[in-house]
$ cat model34.txt   # compact mmCIF, C-alpha atoms
# COMPACT_ATOMS: atom_id res chain seq x y z
CA MET A 1 111.28 86.65 110.03
CA ASN A 2 109.15 84.33 107.92
CA VAL A 3 106.58 86.03 105.69
CA VAL A 4 103.77 83.74 104.54
CA HIS A 5 102.06 84.71 101.30
CA SER A 6 100.08 83.36 98.35
CA ASP A 7 99.70 84.81 94.88
CA ASP A 8 96.10 83.57 94.94
CA CYS A 9 95.45 86.48 97.30
CA LEU A 10 95.85 88.73 94.25
CA LEU A 11 92.87 87.24 92.40
CA HIS A 12 90.24 89.28 94.23
CA ASN A 13 90.32 92.47 92.17
CA PRO A 14 87.08 94.47 91.93
CA GLU A 15 87.27 97.53 89.71
CA TYR A 16 85.51 99.96 92.01
CA GLU A 17 83.69 100.56 95.28
CA THR A 18 81.34 103.26 96.57
CA LEU A 19 82.63 105.76 99.13
CA SER A 20 80.45 108.64 100.34
CA GLY A 21 78.15 108.07 97.36
CA THR A 22 81.00 108.26 94.84
CA ARG A 23 82.21 105.43 92.62
CA VAL A 24 86.00 105.19 93.11
CA PRO A 25 88.72 102.69 92.13
CA TYR A 26 88.89 99.82 94.62
CA LEU A 27 91.31 100.88 97.35
CA GLU A 28 91.96 97.41 98.77
CA SER A 29 93.71 96.48 95.54
CA PRO A 30 96.33 93.82 94.73
CA LYS A 31 98.85 96.67 94.48
CA ARG A 32 98.90 96.82 98.30
CA TYR A 33 100.20 93.25 98.42
CA ALA A 34 102.80 93.96 95.73
CA HIS A 35 104.13 97.07 97.49
CA ILE A 36 104.46 95.25 100.81
CA ARG A 37 106.21 92.27 99.28
CA LYS A 38 108.64 94.52 97.39
CA ALA A 39 109.49 96.47 100.55
CA LEU A 40 110.12 93.31 102.56
CA SER A 41 112.31 91.91 99.77
CA THR A 42 114.67 94.91 99.91
CA PRO A 43 118.04 94.02 101.53
CA VAL A 44 119.21 96.19 104.44
CA ASN A 45 122.67 97.47 105.21
CA ASP A 46 123.77 95.84 108.47
CA ASP A 47 126.34 97.04 111.01
CA ARG A 48 129.17 95.44 109.02
CA GLY A 49 128.25 97.30 105.85
CA GLU A 50 126.84 94.20 104.21
CA PHE A 51 123.43 93.93 102.58
CA VAL A 52 121.26 91.21 104.07
CA LYS A 53 117.66 90.11 103.61
CA LEU A 54 115.64 90.11 106.80
CA PHE A 55 112.55 88.31 105.55
CA ASN A 56 112.13 84.78 104.29
CA PHE A 57 109.13 84.26 102.01
CA VAL A 58 107.10 81.08 102.48
CA GLU A 59 104.15 79.95 100.34
CA GLY A 60 100.88 79.30 102.12
CA ASP A 61 100.29 75.56 102.38
CA LYS A 62 97.85 74.75 99.56
CA THR A 63 97.29 71.24 100.95
CA LEU A 64 95.89 72.69 104.17
CA SER A 65 92.15 72.06 104.44
CA VAL A 66 90.61 75.21 105.89
CA GLY A 67 86.85 74.55 105.81
CA ASP A 68 86.47 73.29 109.38
CA HIS A 69 88.68 76.07 110.67
CA ILE A 70 86.57 78.72 108.96
CA LEU A 71 83.48 77.10 110.52
CA SER A 72 85.03 77.53 113.96
CA VAL A 73 84.30 81.25 113.50
CA HIS A 74 81.73 81.65 110.70
CA SER A 75 78.37 80.00 110.08
CA ARG A 76 78.08 77.30 107.44
CA ALA A 77 75.37 79.28 105.63
CA TYR A 78 77.66 82.29 105.40
CA MET A 79 80.63 80.29 104.12
CA THR A 80 78.37 78.74 101.48
CA TYR A 81 77.11 82.21 100.57
CA VAL A 82 80.62 83.58 99.94
CA GLU A 83 81.46 80.50 97.86
CA ASN A 84 78.37 80.59 95.65
CA ALA A 85 77.29 84.23 95.69
CA TYR A 86 78.83 85.27 92.37
CA ASP A 87 77.45 82.35 90.33
CA GLU A 88 73.98 82.73 91.81
CA TRP A 89 74.11 86.48 91.25
CA ILE A 90 74.93 86.02 87.55
CA GLN A 91 72.24 83.38 87.10
CA ASP A 92 69.73 85.81 88.54
CA GLY A 93 70.73 88.54 86.10
CA GLY A 94 73.16 90.50 88.27
CA ASP A 95 76.02 92.58 86.88
CA ARG A 96 78.96 90.39 85.79
CA ASP A 97 81.57 92.63 87.44
CA ALA A 98 80.68 91.70 91.00
CA VAL A 99 77.98 91.08 93.58
CA ILE A 100 77.16 94.56 94.86
CA PRO A 101 73.94 94.82 96.86
CA ASP A 102 71.52 97.66 96.37
CA THR A 103 69.00 96.35 98.90
CA PHE A 104 69.70 95.85 102.61
CA LEU A 105 67.59 94.08 105.24
CA HIS A 106 66.87 96.72 107.88
CA HIS A 107 65.63 96.21 111.43
CA LYS A 108 62.88 98.81 110.95
CA LEU A 109 61.27 96.97 108.06
CA LYS A 110 57.73 96.10 109.12
CA HIS A 111 58.09 92.33 109.02
CA PHE A 112 61.70 92.05 110.15
CA LYS A 113 62.00 89.18 112.66
CA GLY A 114 65.73 89.10 113.33
CA ASP A 115 67.44 85.96 112.01
CA VAL A 116 66.13 84.72 108.65
CA ASP A 117 66.85 81.71 106.45
CA VAL A 118 68.93 83.42 103.79
CA SER A 119 69.12 80.26 101.67
CA ALA A 120 65.51 80.86 100.63
CA LEU A 121 66.15 84.42 99.44
CA ARG A 122 66.96 85.62 95.93
CA PRO A 123 70.66 86.42 95.35
CA ILE A 124 70.11 90.19 95.49
CA ALA A 125 68.59 89.80 98.97
CA LYS A 126 71.22 87.33 100.20
CA ALA A 127 74.13 89.77 99.96
CA GLY A 128 75.68 89.63 103.41
CA ASP A 129 77.43 93.01 103.45
CA PHE A 130 77.18 95.85 105.93
CA ASP A 131 78.67 98.34 103.44
CA LEU A 132 79.58 98.67 99.75
CA SER A 133 83.28 97.82 100.05
CA THR A 134 83.03 94.04 99.66
CA PRO A 135 82.06 93.29 96.05
CA ILE A 136 82.23 89.55 95.37
CA THR A 137 83.82 88.67 92.04
CA ALA A 138 84.34 85.32 90.35
CA ASP A 139 87.67 85.01 92.21
CA THR A 140 86.81 86.44 95.62
CA TYR A 141 86.16 83.12 97.36
CA LYS A 142 89.46 81.67 96.15
CA SER A 143 91.36 84.71 97.44
CA ALA A 144 89.53 84.71 100.76
CA ILE A 145 90.27 81.00 101.25
CA SER A 146 93.91 81.65 100.37
CA ALA A 147 94.11 84.43 102.96
CA VAL A 148 92.88 82.01 105.62
CA ARG A 149 95.42 79.43 104.44
CA VAL A 150 98.18 82.04 104.73
CA ALA A 151 97.14 82.87 108.31
CA LEU A 152 97.02 79.21 109.32
CA THR A 153 100.35 78.38 107.69
CA ALA A 154 101.90 81.30 109.57
CA SER A 155 100.29 80.01 112.79
CA GLN A 156 101.87 76.60 112.24
CA ILE A 157 105.31 78.15 111.73
CA LEU A 158 104.98 80.34 114.83
CA ALA A 159 103.84 77.39 116.96
CA ARG A 160 106.78 75.29 115.81
CA GLU A 161 109.26 78.08 116.45
CA SER A 162 107.81 78.78 119.90
CA ARG A 163 108.13 75.13 120.93
CA GLU A 164 111.72 75.05 119.69
CA ALA A 165 112.43 78.25 121.61
CA GLN A 166 111.18 76.65 124.82
CA GLU A 167 113.70 73.86 124.36
CA THR A 168 116.64 76.10 123.36
CA VAL A 169 117.38 79.70 124.26
CA THR A 170 117.36 81.64 120.99
CA GLY A 171 117.72 85.20 122.27
CA ARG A 172 115.57 86.58 119.45
CA PRO A 173 111.96 87.76 119.31
CA LEU A 174 109.61 85.23 117.77
CA GLY A 175 107.39 86.65 115.04
CA VAL A 176 105.78 85.55 111.78
CA PHE A 177 103.99 87.80 109.30
CA ALA A 178 100.90 86.58 107.42
CA LEU A 179 100.56 88.72 104.30
CA CYS A 180 96.81 88.17 104.03
CA ARG A 181 94.58 89.66 101.40
CA PRO A 182 91.65 90.22 101.61
CA PRO A 183 91.95 91.41 105.23
CA GLY A 184 89.61 90.00 107.86
CA HIS A 185 88.99 91.90 111.08
CA HIS A 186 85.63 93.38 109.99
CA ALA A 187 84.12 90.01 109.02
CA GLY A 188 81.55 88.71 111.51
CA VAL A 189 80.01 85.31 112.03
CA ALA A 190 77.68 85.73 109.05
CA ILE A 191 78.49 89.11 107.50
CA CYS A 192 81.18 90.71 105.38
CA GLY A 193 82.20 94.35 105.11
CA GLY A 194 85.14 96.73 105.31
CA TYR A 195 86.97 94.76 102.56
CA CYS A 196 86.77 91.60 104.74
CA PHE A 197 85.17 88.21 104.03
CA PHE A 198 86.67 85.67 106.47
CA ASN A 199 88.13 86.73 109.81
CA ASN A 200 91.74 85.60 109.41
CA VAL A 201 92.82 86.60 112.92
CA ALA A 202 89.89 84.93 114.71
CA ILE A 203 90.32 81.76 112.66
CA ALA A 204 94.05 81.69 113.45
CA ALA A 205 93.34 82.12 117.17
CA ARG A 206 90.88 79.21 117.18
CA PHE A 207 93.37 77.15 115.18
CA LEU A 208 96.11 77.68 117.77
CA GLN A 209 93.72 77.04 120.65
CA THR A 210 92.27 73.77 119.37
CA GLU A 211 95.25 72.03 117.74
CA GLU A 212 96.89 69.97 120.48
CA ARG A 213 100.25 69.99 118.69
CA PHE A 214 100.39 73.77 119.10
CA GLN A 215 100.00 73.77 122.87
CA PRO A 216 102.98 75.25 124.73
CA LEU A 217 105.16 72.92 126.75
CA SER A 218 105.07 75.07 129.87
CA LYS A 219 101.41 76.11 130.17
CA ALA A 220 98.33 74.10 131.04
CA THR A 221 95.96 76.56 129.39
CA LEU A 222 96.69 78.36 126.14
CA LYS A 223 95.83 82.05 126.30
CA ILE A 224 95.90 84.35 123.28
CA ALA A 225 95.68 88.14 123.13
CA ILE A 226 94.55 89.95 119.98
CA LEU A 227 96.01 93.42 119.54
CA ASP A 228 94.37 95.47 116.79
CA ILE A 229 96.49 98.45 115.68
CA ASP A 230 94.41 99.29 112.61
CA TYR A 231 92.72 102.70 112.29
CA HIS A 232 89.29 101.03 112.41
CA HIS A 233 88.21 98.85 115.30
CA GLY A 234 87.92 95.18 114.40
CA ASN A 235 84.19 94.80 114.78
CA GLY A 236 84.42 91.19 113.66
CA ASN A 237 86.36 90.36 116.83
CA TYR A 238 84.93 92.65 119.49
CA THR A 239 82.63 95.56 120.20
CA GLY A 240 84.12 99.00 119.95
CA ALA A 241 82.74 101.49 122.49
CA GLU A 242 84.98 102.51 125.37
CA ASP A 243 82.58 101.12 127.98
CA GLU A 244 82.12 97.75 126.26
CA GLN A 245 84.28 95.24 128.13
CA GLY A 246 82.90 91.95 126.87
CA GLU A 247 80.03 89.75 127.98
CA GLY A 248 79.48 86.69 130.16
CA GLU A 249 82.66 84.74 130.81
CA GLY A 250 84.47 87.18 128.55
CA TYR A 251 83.60 90.24 130.61
CA GLY A 252 86.67 92.29 131.42
CA TYR A 253 88.75 90.84 128.59
CA ASN A 254 87.78 93.42 125.99
CA LEU A 255 89.60 96.75 126.03
CA ASN A 256 88.74 99.56 123.61
CA ILE A 257 90.75 102.77 123.45
CA PRO A 258 88.99 105.17 121.05
CA LEU A 259 91.18 107.97 119.72
CA PRO A 260 90.10 111.28 118.16
CA ARG A 261 90.33 111.79 114.43
CA VAL A 262 92.72 114.39 112.99
CA SER A 263 94.48 115.19 116.25
CA THR A 264 95.90 111.70 116.88
CA GLY A 265 99.59 111.57 115.98
CA ASP A 266 102.58 109.47 117.01
CA GLU A 267 102.61 110.51 120.67
CA GLU A 268 98.89 110.11 121.28
CA TYR A 269 98.82 106.74 119.56
CA TYR A 270 101.94 105.49 121.36
CA SER A 271 100.51 106.43 124.75
CA ALA A 272 97.31 104.48 124.03
CA LEU A 273 99.35 101.52 122.77
CA LEU A 274 101.36 101.36 125.99
CA ASN A 275 98.09 101.23 127.93
CA ALA A 276 96.95 98.28 125.80
CA LEU A 277 100.29 96.49 126.18
CA LYS A 278 100.10 96.88 129.95
CA LYS A 279 96.74 95.09 129.95
CA ILE A 280 98.11 92.34 127.71
CA THR A 281 101.08 91.84 130.05
CA GLU A 282 98.71 91.50 133.00
CA TYR A 283 96.69 88.91 131.07
CA ASP A 284 99.90 86.95 130.41
CA PRO A 285 99.02 85.27 127.08
CA PHE A 286 101.25 82.72 125.44
CA TYR A 287 100.59 84.02 121.91
CA VAL A 288 99.87 87.55 120.70
CA ILE A 289 98.10 88.05 117.37
CA VAL A 290 98.42 91.53 115.89
CA SER A 291 95.89 92.86 113.39
CA LEU A 292 98.47 94.91 111.52
CA GLY A 293 96.92 97.94 109.87
CA VAL A 294 98.89 100.98 108.71
CA ASP A 295 95.88 103.05 107.67
CA THR A 296 96.79 105.21 110.66
CA TYR A 297 99.39 106.87 108.40
CA LYS A 298 99.11 110.63 107.96
CA ASP A 299 98.46 110.45 104.20
CA ASP A 300 96.10 107.49 104.14
CA PRO A 301 93.27 108.31 101.70
CA ILE A 302 90.36 107.09 103.83
CA CYS A 303 91.53 107.59 107.42
CA GLU A 304 92.26 110.58 109.64
CA PHE A 305 95.20 109.90 111.94
CA ASN A 306 98.65 111.43 111.58
CA LEU A 307 101.19 108.70 112.28
CA THR A 308 104.62 108.85 110.67
CA LYS A 309 107.32 106.34 109.77
CA ASN A 310 108.96 106.91 113.14
CA GLY A 311 105.64 106.15 114.81
CA TYR A 312 105.63 102.69 113.24
CA LEU A 313 109.20 102.08 114.39
CA ARG A 314 108.10 102.76 117.96
CA ILE A 315 105.02 100.54 117.59
CA GLY A 316 107.14 97.56 116.56
CA GLN A 317 109.60 98.16 119.39
CA ALA A 318 106.78 98.41 121.91
CA ILE A 319 105.11 95.17 120.79
CA ALA A 320 108.47 93.40 121.10
CA THR A 321 108.59 94.28 124.82
CA LEU A 322 105.76 91.79 125.40
CA LYS A 323 108.30 89.03 124.69
CA ARG A 324 105.61 86.72 123.38
CA PRO A 325 105.46 84.64 120.18
CA THR A 326 103.67 87.07 117.86
CA LEU A 327 101.64 86.49 114.73
CA PHE A 328 101.27 89.63 112.59
CA VAL A 329 98.29 89.46 110.21
CA MET A 330 97.83 92.12 107.52
CA GLU A 331 94.72 94.27 107.72
CA GLY A 332 94.33 97.86 106.42
CA GLY A 333 96.50 100.56 104.88
CA TYR A 334 95.76 102.25 101.56
CA HIS A 335 98.50 104.80 100.87
CA LEU A 336 100.39 102.85 98.22
CA PRO A 337 103.62 104.92 98.17
CA THR A 338 104.31 104.17 101.85
CA ILE A 339 102.38 101.02 102.79
CA GLY A 340 105.38 98.74 102.24
CA ALA A 341 107.82 100.91 104.17
CA ASN A 342 105.39 101.33 107.07
CA VAL A 343 104.77 97.59 107.39
CA ARG A 344 108.51 96.94 107.15
CA GLU A 345 109.18 99.52 109.89
CA ILE A 346 106.92 97.69 112.35
CA LEU A 347 108.33 94.25 111.58
CA GLN A 348 111.97 95.34 111.52
CA SER A 349 111.76 97.24 114.77
CA PHE A 350 110.01 94.24 116.34
CA MET A 351 113.01 92.14 115.35
CA LYS A 352 115.39 94.83 116.68
CA GLN A 353 117.21 94.93 113.36
CA PRO A 354 118.89 97.87 111.59
CA HIS A 355 116.73 99.89 109.24
CA VAL A 356 117.05 100.54 105.54
CA LYS A 357 119.39 103.51 104.97
$ encode --input "model34.txt" --output "structure tokens"
Amino acid sequence: MNVVHSDDCLLHNPEYETLSGTRVPYLESPKRYAHIRKALSTPVNDDRGEFVKLFNFVEGDKTLSVGDHILSVHSRAYMTYVENAYDEWIQDGGDRDAVIPDTFLHHKLKHFKGDVDVSALRPIAKAGDFDLSTPITADTYKSAISAVRVALTASQILARESREAQETVTGRPLGVFALCRPPGHHAGVAICGGYCFFNNVAIAARFLQTEERFQPLSKATLKIAILDIDYHHGNGNYTGAEDEQGEGEGYGYNLNIPLPRVSTGDEEYYSALLNALKKITEYDPFYVIVSLGVDTYKDDPICEFNLTKNGYLRIGQAIATLKRPTLFVMEGGYHLPTIGANVREILQSFMKQPHVK
């Protein structure tokens, strides 16, 4: 499996964030990326007793222009904000560590009128966050752009492989992993939060839908399903209540399966996943894009599920049963000792390969 990455994704490195009123070291740190890459670089012992590498590392295409693709999902004002926020913040006297808002526009403010022209506001009032986990440093924009570039490069590779597979029978599952950082599934049209700045998955989906060269040979209409297996629902892509099924022409295409905290383990999660996969099969997409989060792990520091390594093996196997070209895009997961092994377990089991002994 190809793994697309970029060392520029490491540049975003805030020192701290605020959780439950407490200043803590930034959990979405570059160490996550390093642990995942190390785990995927580890050779495995195959059936013949030989050590082989299962993952091929590919640099994100730095020549790929991503601006228009970002604008297919996000507003121009928001993209400009993320690009210029740090410099404007410093010029206005803000702390040099990062843009961290201490004032939020609230709908109950007396003169709140909904949408406002943020370009006219002072930097401290522009901050487009819904929480305190997205500090913007001098390097955040470069990392966020690189994450998008990684997702789009991975999309290109998957599209090429899927077209080749239609012309020749390969007998292997088609999958590509985009090792994106920062993650993206919490980023909305004009708002950041939950460690996310640009919505890598949504941008990749639009990219595959609109580029004619990526259209499948055998289908008149390209359909894509997004499967989010992260602990948190991807509010940047869809609404999250159980009864929210989409709106307008999209009604009926949004499925949310809320699960209880603490009591959700491997079996409960797997049962819900099978329900989601059944719906995806009925929809019959050409591509599947997986928001790959492993913050469902039992020891994750900020989440409250109880999945184990074996649970991730089963998740990868189950996704493979869809038999669709699949783009895996990295989202959450903050338990550093196991994040690499858990990601590897999903990807390896998807490929139906032997596991590290």
$ residues_near_point --input "model34.txt" --point "(97.7, 103.6, 106.1)" --cutoff "12 Å" --atoms "all atoms listed in the file" --output "ChimeraX atom specification"
/A:27-28,32,36,229-232,292-309,312,330-343
$ atom_distance --input "model34.txt" --atom1 "atom CA of Leu322 of chain A" --atom2 "atom CA of Ala159 of chain A"
16.8 Å
$ residues_around --input "model34.txt" --residues "Ala318 of chain A" --least-positions-apart "3" --cutoff "9 Å" --atoms "only C-alpha atoms" --output "NGL selection string"
:A and (270 or 273-274 or 277 or 313-315 or 321-322 or 349-350)
$ atom_distance --input "model34.txt" --atom1 "atom CA of Tyr287 of chain A" --atom2 "atom CA of Asp46 of chain A"
29.3 Å
$ residues_around --input "model34.txt" --residues "segment 144-157 of chain A" --least-positions-apart "6" --cutoff "10 Å" --atoms "all atoms listed in the file" --output "PyMOL selection string"
chain A and resi 2-12+58-67+69-70+82-83+175-184+196-208+211+213-214+287+289+326-330
$ residues_around --input "model34.txt" --residues "Ile90 of chain A" --least-positions-apart "2" --cutoff "12 Å" --atoms "all atoms listed in the file" --output "list in words"
Asn84, Ala85, Tyr86, Asp87, Glu88, Asp92, Gly93, Gly94, Asp95, Arg96, Asp97, Ala98, Val99, Ile100, Arg122, Pro123, Ile124, Ile136, Thr137 and Ala138 of chain A
$ atom_distance --input "model34.txt" --atom1 "atom CA of His186 of chain A" --atom2 "atom CA of Gly236 of chain A"
4.4 Å
$ build_atoms --input "model34.txt" --residues "segment 220-246 of chain A" --atoms "N, CA and C atoms" --output "mmCIF file, in the frame of the given file"
data_model
loop_
_atom_site.group_PDB
_atom_site.id
_atom_site.type_symbol
_atom_site.label_atom_id
_atom_site.label_comp_id
_atom_site.auth_asym_id
_atom_site.auth_seq_id
_atom_site.Cartn_x
_atom_site.Cartn_y
_atom_site.Cartn_z
ATOM 1 N N ALA A 220 99.458 75.017 131.081
ATOM 2 C CA ALA A 220 98.330 74.100 131.040
ATOM 3 C C ALA A 220 97.209 74.635 130.169
ATOM 4 N N THR A 221 97.026 75.936 130.159
ATOM 5 C CA THR A 221 95.960 76.560 129.390
ATOM 6 C C THR A 221 96.563 77.559 128.411
ATOM 7 N N LEU A 222 96.167 77.458 127.147
ATOM 8 C CA LEU A 222 96.690 78.360 126.140
ATOM 9 C C LEU A 222 95.857 79.647 126.109
ATOM 10 N N LYS A 223 96.501 80.760 126.369
ATOM 11 C CA LYS A 223 95.830 82.050 126.300
ATOM 12 C C LYS A 223 96.401 82.853 125.142
ATOM 13 N N ILE A 224 95.514 83.546 124.440
ATOM 14 C CA ILE A 224 95.900 84.350 123.280
ATOM 15 C C ILE A 224 95.341 85.757 123.452
ATOM 16 N N ALA A 225 96.143 86.744 123.142
ATOM 17 C CA ALA A 225 95.680 88.140 123.130
ATOM 18 C C ALA A 225 95.694 88.631 121.687
ATOM 19 N N ILE A 226 94.625 89.324 121.304
ATOM 20 C CA ILE A 226 94.550 89.950 119.980
ATOM 21 C C ILE A 226 94.715 91.446 120.154
ATOM 22 N N LEU A 227 95.727 91.988 119.492
ATOM 23 C CA LEU A 227 96.010 93.420 119.540
ATOM 24 C C LEU A 227 95.731 94.003 118.159
ATOM 25 N N ASP A 228 94.753 94.878 118.066
ATOM 26 C CA ASP A 228 94.370 95.470 116.790
ATOM 27 C C ASP A 228 94.908 96.892 116.714
ATOM 28 N N ILE A 229 95.880 97.122 115.799
ATOM 29 C CA ILE A 229 96.490 98.450 115.680
ATOM 30 C C ILE A 229 96.032 99.176 114.424
ATOM 31 N N ASP A 230 95.002 98.666 113.785
ATOM 32 C CA ASP A 230 94.410 99.290 112.610
ATOM 33 C C ASP A 230 93.686 100.588 113.012
ATOM 34 N N TYR A 231 93.475 101.467 112.032
ATOM 35 C CA TYR A 231 92.720 102.700 112.290
ATOM 36 C C TYR A 231 91.292 102.378 112.741
ATOM 37 N N HIS A 232 90.673 101.394 112.103
ATOM 38 C CA HIS A 232 89.290 101.030 112.410
ATOM 39 C C HIS A 232 89.265 99.911 113.451
ATOM 40 N N HIS A 233 88.302 99.949 114.341
ATOM 41 C CA HIS A 233 88.210 98.850 115.300
ATOM 42 C C HIS A 233 87.738 97.591 114.597
ATOM 43 N N GLY A 234 88.251 96.455 115.045
ATOM 44 C CA GLY A 234 87.920 95.180 114.400
ATOM 45 C C GLY A 234 86.589 94.660 114.881
ATOM 46 N N ASN A 235 85.523 95.160 114.306
ATOM 47 C CA ASN A 235 84.190 94.800 114.780
ATOM 48 C C ASN A 235 83.860 93.327 114.603
ATOM 49 N N GLY A 236 84.631 92.628 113.787
ATOM 50 C CA GLY A 236 84.420 91.190 113.660
ATOM 51 C C GLY A 236 84.916 90.416 114.857
ATOM 52 N N ASN A 237 85.776 91.036 115.669
ATOM 53 C CA ASN A 237 86.360 90.360 116.830
ATOM 54 C C ASN A 237 85.819 90.849 118.154
ATOM 55 N N TYR A 238 85.360 92.090 118.214
ATOM 56 C CA TYR A 238 84.930 92.650 119.490
ATOM 57 C C TYR A 238 84.111 93.910 119.254
ATOM 58 N N THR A 239 83.388 94.312 120.278
ATOM 59 C CA THR A 239 82.630 95.560 120.200
ATOM 60 C C THR A 239 83.563 96.736 120.451
ATOM 61 N N GLY A 240 83.141 97.937 120.025
ATOM 62 C CA GLY A 240 84.120 99.000 119.950
ATOM 63 C C GLY A 240 83.970 100.197 120.856
ATOM 64 N N ALA A 241 82.889 100.322 121.625
ATOM 65 C CA ALA A 241 82.740 101.490 122.490
ATOM 66 C C ALA A 241 83.651 101.376 123.709
ATOM 67 N N GLU A 242 84.026 102.506 124.260
ATOM 68 C CA GLU A 242 84.980 102.510 125.370
ATOM 69 C C GLU A 242 84.458 101.755 126.588
ATOM 70 N N ASP A 243 83.140 101.773 126.793
ATOM 71 C CA ASP A 243 82.580 101.120 127.980
ATOM 72 C C ASP A 243 82.202 99.662 127.742
ATOM 73 N N GLU A 244 82.442 99.152 126.558
ATOM 74 C CA GLU A 244 82.120 97.750 126.260
ATOM 75 C C GLU A 244 83.326 96.874 126.602
ATOM 76 N N GLN A 245 83.163 96.039 127.611
ATOM 77 C CA GLN A 245 84.280 95.240 128.130
ATOM 78 C C GLN A 245 84.093 93.750 127.931
ATOM 79 N N GLY A 246 83.162 93.368 127.074
ATOM 80 C CA GLY A 246 82.900 91.950 126.870
ATOM 81 C C GLY A 246 81.623 91.533 127.571
#
